[in-house]
$ cat coords_20.cif   # mmCIF, C-alpha atoms and all ligand atoms
data_upload
loop_
_atom_site.label_atom_id
_atom_site.label_comp_id
_atom_site.auth_asym_id
_atom_site.auth_seq_id
_atom_site.Cartn_x
_atom_site.Cartn_y
_atom_site.Cartn_z
CA MET A 1 31.36 -22.38 0.91
CA LEU A 2 31.66 -18.80 -0.30
CA GLY A 3 30.29 -20.07 -3.60
CA TYR A 4 26.94 -20.72 -1.89
CA ILE A 5 26.86 -17.63 0.29
CA LEU A 6 27.45 -15.14 -2.48
CA PRO A 7 24.52 -16.15 -4.70
CA LEU A 8 22.25 -16.21 -1.66
CA PHE A 9 23.39 -12.73 -0.74
CA THR A 10 22.70 -11.56 -4.28
CA VAL A 11 19.21 -13.03 -4.14
CA LEU A 12 18.51 -11.25 -0.84
CA LEU A 13 19.73 -7.96 -2.31
CA ALA A 14 17.47 -8.43 -5.32
CA LEU A 15 14.48 -9.10 -3.06
CA GLN A 16 15.13 -6.09 -0.86
CA PRO A 17 12.96 -3.59 -2.75
CA LEU A 18 9.99 -5.91 -2.27
CA TYR A 19 10.40 -5.80 1.50
CA ALA A 20 11.36 -2.14 1.62
CA ARG A 21 8.02 -1.08 0.15
CA LYS A 22 5.78 -0.11 3.03
CA ALA A 23 2.16 -1.23 3.08
CA PRO A 24 -0.23 1.53 2.03
CA PHE A 25 -1.87 3.53 4.84
CA ALA A 26 -5.38 2.23 5.53
CA MET A 27 -7.93 3.59 8.00
CA ARG A 28 -11.38 2.05 8.23
CA ILE A 29 -13.98 3.29 10.70
CA SER A 30 -17.14 1.49 11.75
CA CYS A 31 -19.34 4.52 12.45
CA GLY A 32 -21.30 4.34 15.70
CA ALA A 33 -19.25 1.35 16.95
CA ARG A 34 -18.04 1.37 20.56
CA ASP A 35 -15.34 -1.24 19.95
CA ASN A 36 -13.10 -2.21 17.07
CA VAL A 37 -14.76 -4.67 14.68
CA HIS A 38 -13.26 -7.43 12.54
CA THR A 39 -15.36 -8.52 9.57
CA GLN A 40 -15.15 -11.87 7.80
CA PRO A 41 -14.13 -13.51 5.53
CA THR A 42 -11.10 -11.23 5.16
CA ASN A 43 -10.74 -10.34 8.86
CA THR A 44 -10.78 -6.65 7.93
CA LEU A 45 -10.20 -4.30 10.88
CA TRP A 46 -12.66 -1.43 11.34
CA PHE A 47 -11.74 1.04 14.07
CA LYS A 48 -14.33 2.02 16.63
CA ASP A 49 -16.02 5.32 15.91
CA TYR A 50 -13.90 8.45 16.39
CA ALA A 51 -13.07 11.79 14.75
CA TYR A 52 -16.73 12.84 14.37
CA THR A 53 -17.76 16.41 15.12
CA GLY A 54 -21.39 15.62 15.93
CA GLY A 55 -24.17 13.15 15.28
CA ILE A 56 -25.67 10.22 17.18
CA PRO A 57 -24.71 6.52 17.12
CA ALA A 58 -27.46 4.00 16.29
CA ASN A 59 -27.96 0.43 15.23
CA ALA A 60 -27.89 -0.03 11.48
CA THR A 61 -29.91 -1.98 8.95
CA LEU A 62 -27.72 -2.90 6.00
CA PRO A 63 -29.15 -1.60 2.73
CA SER A 64 -27.61 -4.45 0.73
CA LYS A 65 -25.52 -7.60 0.77
CA ILE A 66 -22.54 -5.73 -0.60
CA SER A 67 -22.48 -3.23 2.29
CA PRO A 68 -19.76 -4.03 4.83
CA PRO A 69 -21.31 -6.31 7.50
CA LEU A 70 -21.32 -3.71 10.31
CA LYS A 71 -24.00 -3.34 12.97
CA THR A 72 -23.92 0.37 13.74
CA LEU A 73 -23.91 3.77 12.06
CA ARG A 74 -23.76 7.45 12.94
CA TYR A 75 -26.52 9.80 11.88
CA PHE A 76 -26.57 13.57 11.82
CA PRO A 77 -29.94 15.16 12.68
CA LEU A 78 -30.24 18.80 11.70
CA SER A 79 -31.14 19.65 15.30
CA GLU A 80 -27.63 18.60 16.34
CA GLY A 81 -26.15 21.66 14.64
CA PRO A 82 -24.29 22.30 11.42
CA GLU A 83 -21.17 20.26 12.25
CA ASN A 84 -21.90 17.06 10.39
CA CYS A 85 -18.37 15.97 9.74
CA TYR A 86 -15.54 13.57 10.37
CA ASN A 87 -12.08 15.10 10.66
CA ILE A 88 -9.54 12.32 10.62
CA ASN A 89 -6.04 13.37 11.62
CA ARG A 90 -2.60 11.85 11.20
CA VAL A 91 -3.16 10.81 7.60
CA PRO A 92 0.24 10.70 5.85
CA SER A 93 0.47 12.94 2.77
CA GLY A 94 -0.38 10.95 -0.30
CA HIS A 95 -2.89 9.80 -2.88
CA TYR A 96 -6.03 8.20 -1.47
CA SER A 97 -9.19 6.37 -2.31
CA VAL A 98 -11.87 7.58 0.12
CA ARG A 99 -15.05 5.54 0.37
CA ILE A 100 -18.19 6.18 2.42
CA PHE A 101 -20.96 3.58 2.77
CA PHE A 102 -24.45 4.78 3.66
CA GLY A 103 -26.84 3.02 6.03
CA PHE A 104 -30.39 2.89 7.35
CA ILE A 105 -31.17 3.48 10.99
CA ALA A 106 -32.54 0.18 12.36
CA GLU A 107 -36.33 0.10 12.73
CA SER A 108 -36.69 3.29 10.74
CA ASN A 109 -38.88 3.20 7.67
CA ILE A 110 -37.14 2.42 4.37
CA ASP A 111 -39.50 4.97 2.79
CA ASN A 112 -37.60 7.50 4.76
CA GLU A 113 -34.36 6.98 2.87
CA PRO A 114 -31.98 9.79 3.70
CA LEU A 115 -30.88 12.05 0.87
CA PHE A 116 -27.84 14.22 1.43
CA ASP A 117 -24.73 15.78 -0.07
CA VAL A 118 -21.23 14.54 0.62
CA SER A 119 -18.17 16.76 0.57
CA VAL A 120 -14.54 15.85 0.95
CA GLU A 121 -11.89 18.43 1.84
CA GLY A 122 -14.43 21.19 1.27
CA THR A 123 -15.49 20.08 -2.22
CA GLN A 124 -18.95 18.66 -2.78
CA ILE A 125 -18.43 15.40 -4.62
CA TYR A 126 -21.82 13.72 -4.52
CA SER A 127 -25.53 14.05 -3.93
CA LEU A 128 -27.49 10.88 -3.12
CA GLY A 129 -30.29 10.16 -5.56
CA SER A 130 -33.63 8.70 -4.53
CA GLY A 131 -33.79 4.92 -4.71
CA TRP A 132 -30.04 4.69 -4.03
CA ASN A 133 -30.41 1.48 -2.03
CA ASN A 134 -31.58 -0.37 -5.16
CA HIS A 135 -28.26 0.04 -6.96
CA ASN A 136 -25.02 -1.62 -5.89
CA ASP A 137 -22.91 1.31 -6.99
CA GLU A 138 -25.04 3.90 -5.16
CA LEU A 139 -24.64 2.30 -1.72
CA PHE A 140 -21.43 4.26 -1.29
CA VAL A 141 -19.52 7.17 -2.73
CA GLU A 142 -15.87 6.77 -3.58
CA ALA A 143 -13.30 9.29 -4.77
CA LEU A 144 -9.59 9.46 -5.56
CA LEU A 145 -7.79 12.52 -4.29
CA PHE A 146 -4.60 13.80 -2.72
CA LEU A 147 -4.57 14.43 1.04
CA MET A 148 -1.61 16.70 1.71
CA ASP A 149 -2.33 18.49 4.99
CA GLY A 150 -2.23 15.51 7.36
CA SER A 151 -5.98 15.16 7.69
CA ALA A 152 -9.13 14.09 5.87
CA SER A 153 -12.35 16.01 6.29
CA LEU A 154 -15.67 14.47 5.22
CA CYS A 155 -18.97 16.32 5.69
CA PHE A 156 -22.65 15.47 5.15
CA HIS A 157 -25.50 17.88 4.52
CA SER A 158 -29.13 16.86 4.34
CA THR A 159 -30.87 17.99 1.19
CA GLY A 160 -34.18 18.07 3.08
CA HIS A 161 -35.06 14.39 3.21
CA GLY A 162 -34.02 12.49 6.34
CA ASP A 163 -30.79 12.65 8.30
CA PRO A 164 -27.43 11.70 6.79
CA ALA A 165 -26.63 8.17 8.05
CA ILE A 166 -23.09 6.88 7.64
CA LEU A 167 -22.19 3.21 8.03
CA SER A 168 -18.45 3.30 7.40
CA LEU A 169 -15.51 5.37 6.22
CA GLU A 170 -12.42 4.09 4.45
CA ILE A 171 -9.29 6.07 3.72
CA LEU A 172 -7.05 3.84 1.65
CA GLN A 173 -3.75 4.98 0.22
CA VAL A 174 -3.15 4.14 -3.42
CA ASP A 175 -0.23 4.56 -5.80
CA ASP A 176 0.87 8.20 -6.18
CA ARG A 177 0.29 7.96 -9.94
CA ALA A 178 -2.94 5.91 -9.83
CA TYR A 179 -5.34 6.90 -12.61
CA TYR A 180 -3.04 9.51 -14.10
CA PHE A 181 -5.09 10.58 -17.11
CA SER A 182 -3.46 13.79 -18.42
CA PRO A 183 -1.37 16.75 -17.24
CA GLN A 184 -4.64 18.13 -15.80
CA TRP A 185 -4.61 15.27 -13.26
CA GLY A 186 -3.23 16.08 -9.81
CA GLN A 187 -3.96 17.91 -6.60
CA GLY A 188 -6.55 20.13 -8.26
CA THR A 189 -8.74 17.24 -9.40
CA ILE A 190 -10.88 14.64 -7.66
CA LEU A 191 -12.03 11.52 -9.49
CA ARG A 192 -15.39 10.29 -8.24
CA THR A 193 -16.17 6.71 -9.18
CA ASP A 194 -19.36 6.63 -11.23
CA LYS A 195 -19.30 3.06 -12.61
CA ARG A 196 -17.00 0.11 -12.37
CA LEU A 197 -18.10 -2.93 -14.33
CA SER A 198 -16.60 -6.37 -14.68
CA CYS A 199 -18.05 -7.49 -18.03
CA GLY A 200 -19.19 -11.10 -18.26
CA ALA A 201 -18.78 -11.65 -14.51
CA GLU A 202 -21.65 -13.41 -12.73
CA LYS A 203 -21.19 -11.75 -9.34
CA PRO A 204 -20.02 -8.37 -8.11
CA LYS A 205 -16.68 -8.40 -6.30
CA PHE A 206 -14.30 -6.19 -4.39
CA ASP A 207 -10.55 -6.10 -5.07
CA VAL A 208 -10.11 -7.88 -1.77
CA ASP A 209 -12.24 -10.80 -3.05
CA TYR A 210 -9.89 -10.97 -6.02
CA SER A 211 -6.86 -10.87 -3.62
CA GLY A 212 -5.94 -7.62 -5.37
CA ASP A 213 -2.83 -5.60 -4.56
CA HIS A 214 -3.53 -3.20 -1.67
CA TRP A 215 -1.95 -0.33 -3.60
CA GLY A 216 -4.97 -0.49 -5.90
CA GLY A 217 -7.32 0.27 -2.98
CA ASP A 218 -10.36 -1.95 -2.50
CA ARG A 219 -12.40 -1.19 -5.60
CA PHE A 220 -15.91 -2.55 -6.06
CA TRP A 221 -16.56 -4.19 -9.43
CA ASP A 222 -20.21 -4.57 -10.29
CA SER A 223 -21.01 -7.48 -12.59
CA ILE A 224 -22.74 -7.14 -15.94
CA THR A 225 -23.70 -10.07 -18.16
CA THR A 226 -25.19 -8.12 -21.05
CA PHE A 227 -25.21 -4.53 -22.33
CA GLU A 228 -28.37 -5.18 -24.30
CA GLN A 229 -30.39 -8.38 -24.35
CA SER A 230 -29.33 -10.75 -27.18
CA SER A 231 -26.78 -8.34 -28.66
CA ASP A 232 -23.82 -9.88 -26.87
CA ARG A 233 -22.67 -12.95 -24.95
CA THR A 234 -20.29 -13.68 -22.10
CA LEU A 235 -16.90 -15.30 -22.46
CA SER A 236 -14.51 -16.54 -19.78
CA THR A 237 -11.16 -18.25 -19.50
CA LYS A 238 -9.07 -19.97 -16.85
CA ASN A 239 -5.85 -19.05 -18.66
CA SER A 240 -3.56 -16.75 -16.76
CA ILE A 241 -3.38 -13.19 -18.05
CA LYS A 242 -0.12 -11.32 -18.55
CA LYS A 243 0.55 -7.69 -17.57
CA THR A 244 -2.05 -7.44 -14.81
CA SER A 245 -1.61 -6.02 -11.32
CA ILE A 246 1.05 -3.54 -12.34
CA SER A 247 1.76 0.02 -11.22
CA PRO A 248 0.10 2.47 -10.97
CA ASN A 249 -3.43 0.96 -10.94
CA PHE A 250 -2.86 -2.72 -10.01
CA TYR A 251 -5.88 -4.37 -11.61
CA PRO A 252 -6.66 -7.92 -10.45
CA GLU A 253 -5.97 -10.67 -12.99
CA ALA A 254 -9.49 -12.12 -12.70
CA LEU A 255 -10.93 -8.93 -14.17
CA TYR A 256 -9.46 -9.95 -17.53
CA GLN A 257 -10.66 -13.56 -17.36
CA THR A 258 -14.24 -12.65 -18.27
CA ALA A 259 -15.56 -10.50 -21.11
CA LEU A 260 -18.57 -9.53 -23.18
CA ILE A 261 -18.35 -10.15 -26.90
CA SER A 262 -20.69 -9.06 -29.69
CA THR A 263 -22.65 -11.44 -31.91
CA ASN A 264 -23.23 -11.94 -35.65
CA ASN A 265 -26.56 -10.10 -35.49
CA HIS A 266 -25.03 -7.22 -33.62
CA PRO A 267 -21.36 -6.62 -34.48
CA ASP A 268 -21.16 -3.39 -32.45
CA LEU A 269 -20.81 -3.69 -28.70
CA ALA A 270 -22.29 -0.62 -27.00
CA TYR A 271 -22.64 0.38 -23.36
CA THR A 272 -24.86 3.34 -22.46
CA MET A 273 -25.32 4.99 -19.09
CA ASP A 274 -27.06 8.09 -17.75
CA VAL A 275 -24.79 10.89 -16.63
CA ASP A 276 -25.11 14.41 -15.28
CA PRO A 277 -24.75 16.83 -18.19
CA ASN A 278 -21.91 19.33 -18.67
CA ARG A 279 -19.30 17.40 -16.77
CA ASN A 280 -16.00 15.79 -17.61
CA TYR A 281 -15.66 12.03 -17.41
CA SER A 282 -12.51 9.94 -17.31
CA ILE A 283 -13.12 6.58 -18.97
CA TRP A 284 -10.90 3.53 -18.48
CA LEU A 285 -11.41 0.51 -20.71
CA HIS A 286 -9.93 -2.92 -20.15
CA PHE A 287 -9.22 -5.59 -22.70
CA ALA A 288 -7.54 -8.98 -23.00
CA GLU A 289 -7.87 -11.27 -25.99
CA ILE A 290 -9.29 -14.33 -24.23
CA ASP A 291 -11.18 -15.69 -27.25
CA THR A 292 -9.30 -18.80 -28.39
CA SER A 293 -10.46 -18.24 -31.98
CA VAL A 294 -8.32 -15.07 -32.15
CA THR A 295 -4.68 -16.10 -32.09
CA GLY A 296 -2.75 -13.35 -33.82
CA VAL A 297 -2.36 -9.74 -34.80
CA GLY A 298 -4.91 -8.34 -37.27
CA GLN A 299 -7.69 -10.83 -36.54
CA ARG A 300 -9.78 -8.54 -34.36
CA VAL A 301 -9.54 -4.79 -34.90
CA PHE A 302 -12.13 -2.24 -33.77
CA ASP A 303 -12.68 1.46 -33.27
CA ILE A 304 -13.89 2.82 -29.94
CA LEU A 305 -16.39 5.66 -30.05
CA ILE A 306 -17.43 7.76 -27.09
CA ASN A 307 -20.73 9.52 -27.83
CA ASP A 308 -20.10 9.27 -31.60
CA ASP A 309 -16.56 10.65 -31.48
CA VAL A 310 -13.77 8.23 -32.32
CA ALA A 311 -11.70 7.97 -29.15
CA PHE A 312 -9.42 5.13 -30.30
CA GLN A 313 -8.95 3.97 -33.87
CA ASP A 314 -8.00 0.47 -34.99
CA VAL A 315 -7.56 -1.11 -31.58
CA ASP A 316 -5.89 -4.49 -32.00
CA ILE A 317 -5.63 -6.01 -28.52
CA VAL A 318 -3.09 -8.69 -29.46
CA ASN A 319 -0.89 -6.14 -31.16
CA MET A 320 -1.15 -3.46 -28.47
CA SER A 321 -0.78 -5.75 -25.45
CA GLY A 322 1.85 -7.86 -27.19
CA ASP A 323 0.04 -11.21 -27.03
CA ALA A 324 -3.21 -13.08 -26.53
CA ASN A 325 -4.24 -13.35 -22.83
CA SER A 326 -2.45 -10.10 -22.07
CA ALA A 327 -4.02 -6.99 -20.52
CA LEU A 328 -4.53 -3.68 -22.32
CA VAL A 329 -5.82 -0.57 -20.51
CA LEU A 330 -6.92 2.52 -22.45
CA ASN A 331 -8.09 5.79 -20.91
CA LYS A 332 -9.76 8.87 -22.33
CA THR A 333 -11.20 11.97 -20.68
CA VAL A 334 -14.15 13.60 -22.40
CA ALA A 335 -16.58 16.44 -21.82
CA VAL A 336 -20.20 15.30 -21.95
CA ASN A 337 -22.89 17.88 -22.66
CA GLY A 338 -25.91 15.61 -22.79
CA ARG A 339 -27.43 13.17 -20.30
CA THR A 340 -26.05 9.95 -21.74
CA LEU A 341 -22.63 8.49 -22.24
CA THR A 342 -22.28 5.74 -24.84
CA ILE A 343 -19.14 3.71 -25.44
CA THR A 344 -19.22 1.75 -28.70
CA MET A 345 -16.74 -0.86 -29.87
CA HIS A 346 -17.14 -1.01 -33.67
CA PRO A 347 -15.33 -3.86 -35.51
CA THR A 348 -13.28 -2.88 -38.56
CA LYS A 349 -11.53 -6.27 -39.02
CA GLY A 350 -13.07 -9.51 -37.83
CA SER A 351 -16.74 -9.43 -36.98
CA HIS A 352 -16.95 -9.23 -33.20
CA ALA A 353 -15.86 -6.69 -30.61
CA ILE A 354 -14.87 -7.59 -27.05
CA ILE A 355 -14.45 -5.81 -23.70
CA ASN A 356 -13.44 -7.02 -20.22
CA ALA A 357 -14.08 -4.09 -17.88
CA ILE A 358 -15.17 -0.44 -17.80
CA GLU A 359 -14.46 2.31 -15.28
CA ILE A 360 -16.07 5.74 -15.45
CA PHE A 361 -15.10 8.62 -13.15
CA GLU A 362 -16.49 12.10 -12.90
CA VAL A 363 -13.60 14.58 -12.94
CA ILE A 364 -14.29 17.21 -10.27
CA MET A 365 -12.29 20.40 -9.80
CA ALA A 366 -11.23 20.62 -6.15
CA GLU A 367 -12.21 23.82 -4.35
CA SER A 368 -9.09 25.43 -2.98
CA LYS A 369 -9.33 24.52 0.68
CA THR A 370 -9.22 27.42 3.14
CA LEU A 371 -5.70 27.58 4.50
CA PRO A 372 -5.36 27.13 8.25
CA GLY A 373 -4.87 30.41 10.15
C1 LIG A 401 -28.62 -1.85 19.44
O1 LIG A 401 -28.77 -3.24 19.50
C2 LIG A 401 -28.33 -3.81 20.73
C3 LIG A 401 -28.48 -5.31 20.64
O2 LIG A 401 -28.14 -5.81 19.41
C4 LIG A 401 -29.13 -3.25 21.87
O3 LIG A 401 -28.62 -3.77 23.10
C5 LIG A 401 -29.02 -1.74 21.88
O4 LIG A 401 -29.85 -1.21 22.89
C6 LIG A 401 -29.43 -1.17 20.54
N1 LIG A 401 -29.16 0.25 20.54
C7 LIG A 401 -30.07 1.14 20.17
C8 LIG A 401 -29.62 2.58 20.21
O5 LIG A 401 -31.18 0.83 19.79
C1 LIG A 402 -3.95 7.59 -19.78
O1 LIG A 402 -3.91 8.10 -21.10
C2 LIG A 402 -2.97 9.16 -21.28
C3 LIG A 402 -3.18 9.74 -22.67
O2 LIG A 402 -3.07 8.75 -23.62
C4 LIG A 402 -1.57 8.59 -21.06
O3 LIG A 402 -0.60 9.62 -21.20
C5 LIG A 402 -1.49 8.01 -19.66
O4 LIG A 402 -0.24 7.41 -19.46
C6 LIG A 402 -2.59 6.99 -19.43
N1 LIG A 402 -2.55 6.61 -18.03
C7 LIG A 402 -2.25 5.39 -17.58
C8 LIG A 402 -2.15 5.22 -16.10
O5 LIG A 402 -2.07 4.46 -18.32
C1 LIG A 403 -13.79 20.12 -18.23
O1 LIG A 403 -12.43 20.16 -18.68
C2 LIG A 403 -12.13 21.37 -19.36
C3 LIG A 403 -10.74 21.22 -19.98
O2 LIG A 403 -9.85 20.61 -19.11
C4 LIG A 403 -12.23 22.53 -18.40
O3 LIG A 403 -11.91 23.75 -19.03
C5 LIG A 403 -13.66 22.59 -17.85
O4 LIG A 403 -13.76 23.59 -16.87
C6 LIG A 403 -14.05 21.25 -17.24
N1 LIG A 403 -15.47 21.27 -16.90
C7 LIG A 403 -15.93 20.95 -15.70
C8 LIG A 403 -17.43 21.01 -15.52
O5 LIG A 403 -15.21 20.63 -14.76
C1 LIG A 404 1.79 -3.98 -33.99
O1 LIG A 404 1.59 -3.22 -35.18
C2 LIG A 404 2.71 -2.43 -35.52
C3 LIG A 404 2.32 -1.55 -36.71
O2 LIG A 404 1.52 -2.25 -37.60
C4 LIG A 404 3.91 -3.31 -35.78
O3 LIG A 404 5.03 -2.53 -36.12
C5 LIG A 404 4.20 -4.14 -34.55
O4 LIG A 404 5.25 -5.04 -34.79
C6 LIG A 404 2.98 -4.91 -34.12
N1 LIG A 404 3.22 -5.55 -32.83
C7 LIG A 404 3.03 -6.85 -32.62
C8 LIG A 404 3.28 -7.36 -31.24
O5 LIG A 404 2.65 -7.58 -33.49
#

$ encode --input "coords_20.cif" --output "structure tokens" --more "lines below"
Ligand SMILES: *[C@@H]1O[C@H](CO)[C@@H](O)[C@H](O)[C@H]1NC(C)=O
Ligand SMILES: *[C@@H]1O[C@H](CO)[C@@H](O)[C@H](O)[C@H]1NC(C)=O
Ligand SMILES: *[C@@H]1O[C@H](CO)[C@@H](O)[C@H](O)[C@H]1NC(C)=O
Ligand SMILES: *[C@@H]1O[C@H](CO)[C@@H](O)[C@H](O)[C@H]1NC(C)=O
Amino acid sequence: MLGYILPLFTVLLALQPLYARKAPFAMRISCGARDNVHTQPTNTLWFKDYAYTGGIPANATLPSKISPPLKTLRYFPLSEGPENCYNINRVPSGHYSVRIFFGFIAESNIDNEPLFDVSVEGTQIYSLGSGWNNHNDELFVEALLFLMDGSASLCFHSTGHGDPAILSLEILQVDDRAYYFSPQWGQGTILRTDKRLSCGAEKPKFDVDYSGDHWGGDRFWDSITTFEQSSDRTLSTKNSIKKTSISPNFYPEALYQTALISTNNHPDLAYTMDVDPNRNYSIWLHFAEIDTSVTGVGQRVFDILINDDVAFQDVDIVNMSGDANSALVLNKTVAVNGRTLTITMHPTKGSHAIINAIEIFEVIMAESKTLPG
């Protein structure tokens, strides 16, 4: 009898850390809503509107299919005074992903798209650009930062075109070490998401669509099927991928099951995007060798250049991740003086380069927040 009980007890002890880990703190607000809202298909709970310091509730028109399916928003006309904020209290100290989706006031003219600045904890992190509703990754602003004083403060300031209109707020706790990029990382820095691309994927997805670990937040992955017409092709696999969804960033496995790969005519694989000049960018690159024609070490080796500087030399995914179908994540933080950022995978052994996903953050120095009292 004891012979059965003891092993069972040992198993329970071994499982204990899994149960002991608390779920991450998550607060989602449906701005302008009078009641709590549950959205499908994931039955996500959005709290009814609270914690605002001003503004007016209104019905919303969704700018895009990827916006959360909410029916209301809160807008902040200048005439209402300078207090265009949300101050959310009782937020446990920790590391957070804060995301704000923008909306259109129903029956207002799309021509009248609001343009405004967004600040978090007293630091301006973003300024909406005109035509924002035409780009999936401009429908919201998202940033990683530490919230250590029990509250989150988010403010909106019109830049002279329309009234700030906010559809939803999300304050999602993530791993304390998420996106650690160098000793410079920490309470003094904010990482604003600039781009997040799932290469070779047909459709954009959120982490929640991928059943991602909640400690990774609910990242949005835009899909990209080519960097440059006829210079690359997509590749996908149904094989399972090793070393995914691990601390501190918890990437979903499916991210590594699609890729872009270069072609004979075009051995280099290059992604270029526009950036604001004279800023620092933290770049995270994801790889898994999912090409069945590459089975061992030394068969595909490439350099990675960021704006002509070699950031990583002789990257061999199978070697560095330990196997085929195994995830490799590389990160590099660079200063960019010009208006473009180009990431080039240049083969040095084998003739094609490959990449599965790209994340680009702007590194923002946090203003030291005025101390209470
Ligand atoms: C919002 O829409 C509902 C019906 O969907 C309507 O009853 C309500 O009056 C509208 N509110 C405003 C401020 O237009
Ligand atoms: C990012 O890169 C730095 C420098 O190579 C490394 O020390 C750090 O561990 C990396 N971060 C993660 C989360 O892998
Ligand atoms: C970029 O990083 C460098 C080195 O960490 C720092 O000295 C500089 O102030 C940063 N620039 C900006 C615009 O934040
Ligand atoms: C990767 O390359 C290094 C140096 O060439 C070698 O020592 C190591 O064994 C290789 N790892 C694998 C998994 O092949």

$ axis_aligned_box --input "coords_20.cif" --around "ligand LIG 403 (chain A)" --padding-each-side "4 Å" --output "lines of an AutoDock Vina configuration file"
center_x = -13.6
center_y = 21.9
center_z = -17.4
size_x = 15.6
size_y = 11.6
size_z = 13.2

$ residues_near_ligand --input "coords_20.cif" --ligand "ligand LIG 402 (chain A)" --cutoff "9 Å" --atoms "only C-alpha atoms and all ligand atoms" --output "list in words"
Arg177, Ala178, Tyr179, Tyr180, Phe181, Ser182, Pro183, Ser247, Pro248, Asn249, Trp284, Val329, Leu330, Asn331, Lys332 and Thr333 of chain A

$ write_last_selection --input "coords_20.cif" --atoms "C-alpha atoms" --output "short mmCIF file (atom, residue, chain, number, x, y, z; two decimals), in the frame of the given file"
data_model
loop_
_atom_site.label_atom_id
_atom_site.label_comp_id
_atom_site.auth_asym_id
_atom_site.auth_seq_id
_atom_site.Cartn_x
_atom_site.Cartn_y
_atom_site.Cartn_z
CA ARG A 177 0.29 7.96 -9.94
CA ALA A 178 -2.94 5.91 -9.83
CA TYR A 179 -5.34 6.90 -12.61
CA TYR A 180 -3.04 9.51 -14.10
CA PHE A 181 -5.09 10.58 -17.11
CA SER A 182 -3.46 13.79 -18.42
CA PRO A 183 -1.37 16.75 -17.24
CA SER A 247 1.76 0.02 -11.22
CA PRO A 248 0.10 2.47 -10.97
CA ASN A 249 -3.43 0.96 -10.94
CA TRP A 284 -10.90 3.53 -18.48
CA VAL A 329 -5.82 -0.57 -20.51
CA LEU A 330 -6.92 2.52 -22.45
CA ASN A 331 -8.09 5.79 -20.91
CA LYS A 332 -9.76 8.87 -22.33
CA THR A 333 -11.20 11.97 -20.68
#

$ closest_residue --input "coords_20.cif" --among "A:Leu255, A:Ile306, A:Val336, A:Leu235" --to "Ile354 (chain A)" --atoms "all atoms listed in the file"
A:Leu235

$ residues_near_ligand --input "coords_20.cif" --ligand "ligand LIG 403 (chain A)" --cutoff "8 Å" --atoms "only C-alpha atoms and all ligand atoms" --output "PyMOL selection string"
chain A and resi 184+278-280+334-335+363-365

$ write_last_selection --input "coords_20.cif" --atoms "C-alpha atoms" --output "PDB file, in the coordinates of the input"
ATOM      1  CA  GLN A 184      -4.640  18.130 -15.800  1.00  0.00           C
ATOM      2  CA  ASN A 278     -21.910  19.330 -18.670  1.00  0.00           C
ATOM      3  CA  ARG A 279     -19.300  17.400 -16.770  1.00  0.00           C
ATOM      4  CA  ASN A 280     -16.000  15.790 -17.610  1.00  0.00           C
ATOM      5  CA  VAL A 334     -14.150  13.600 -22.400  1.00  0.00           C
ATOM      6  CA  ALA A 335     -16.580  16.440 -21.820  1.00  0.00           C
ATOM      7  CA  VAL A 363     -13.600  14.580 -12.940  1.00  0.00           C
ATOM      8  CA  ILE A 364     -14.290  17.210 -10.270  1.00  0.00           C
ATOM      9  CA  MET A 365     -12.290  20.400  -9.800  1.00  0.00           C
TER      10      MET A 365
END

$ closest_residue --input "coords_20.cif" --among "A:Pro164, A:Gly298, A:Gly322, A:Pro114" --to "Cys85 (chain A)" --atoms "all atoms listed in the file"
A:Pro164

$ closest_residue --input "coords_20.cif" --among "A:Ile105, A:Ala366, A:Ser326, A:Tyr52" --to "ligand LIG 404 (chain A)" --atoms "all atoms listed in the file"
A:Ser326

$ closest_residue --input "coords_20.cif" --among "A:Thr123, A:Asn264, A:Thr42, A:Ser158" --to "Asp209 (chain A)" --atoms "all atoms listed in the file"
A:Thr42

$ atom_distance --input "coords_20.cif" --atom1 "CA of Gly122 (chain A)" --atom2 "CA of Asp276 (chain A)"
20.8 Å

$ atom_distance --input "coords_20.cif" --atom1 "CA of Val318 (chain A)" --atom2 "atom C2 of ligand LIG 404 (chain A)"
10.5 Å

$ closest_residue --input "coords_20.cif" --among "A:Thr193, A:Gln187, A:Asn136, A:Thr244" --to "Ala288 (chain A)" --atoms "all atoms listed in the file"
A:Thr244

$ residues_around --input "coords_20.cif" --residues "Ala324 (chain A)" --least-positions-apart "4" --cutoff "10 Å" --atoms "all atoms listed in the file" --output "number ranges by chain"
A: 241-242, 288-292, 294-297, 317-319
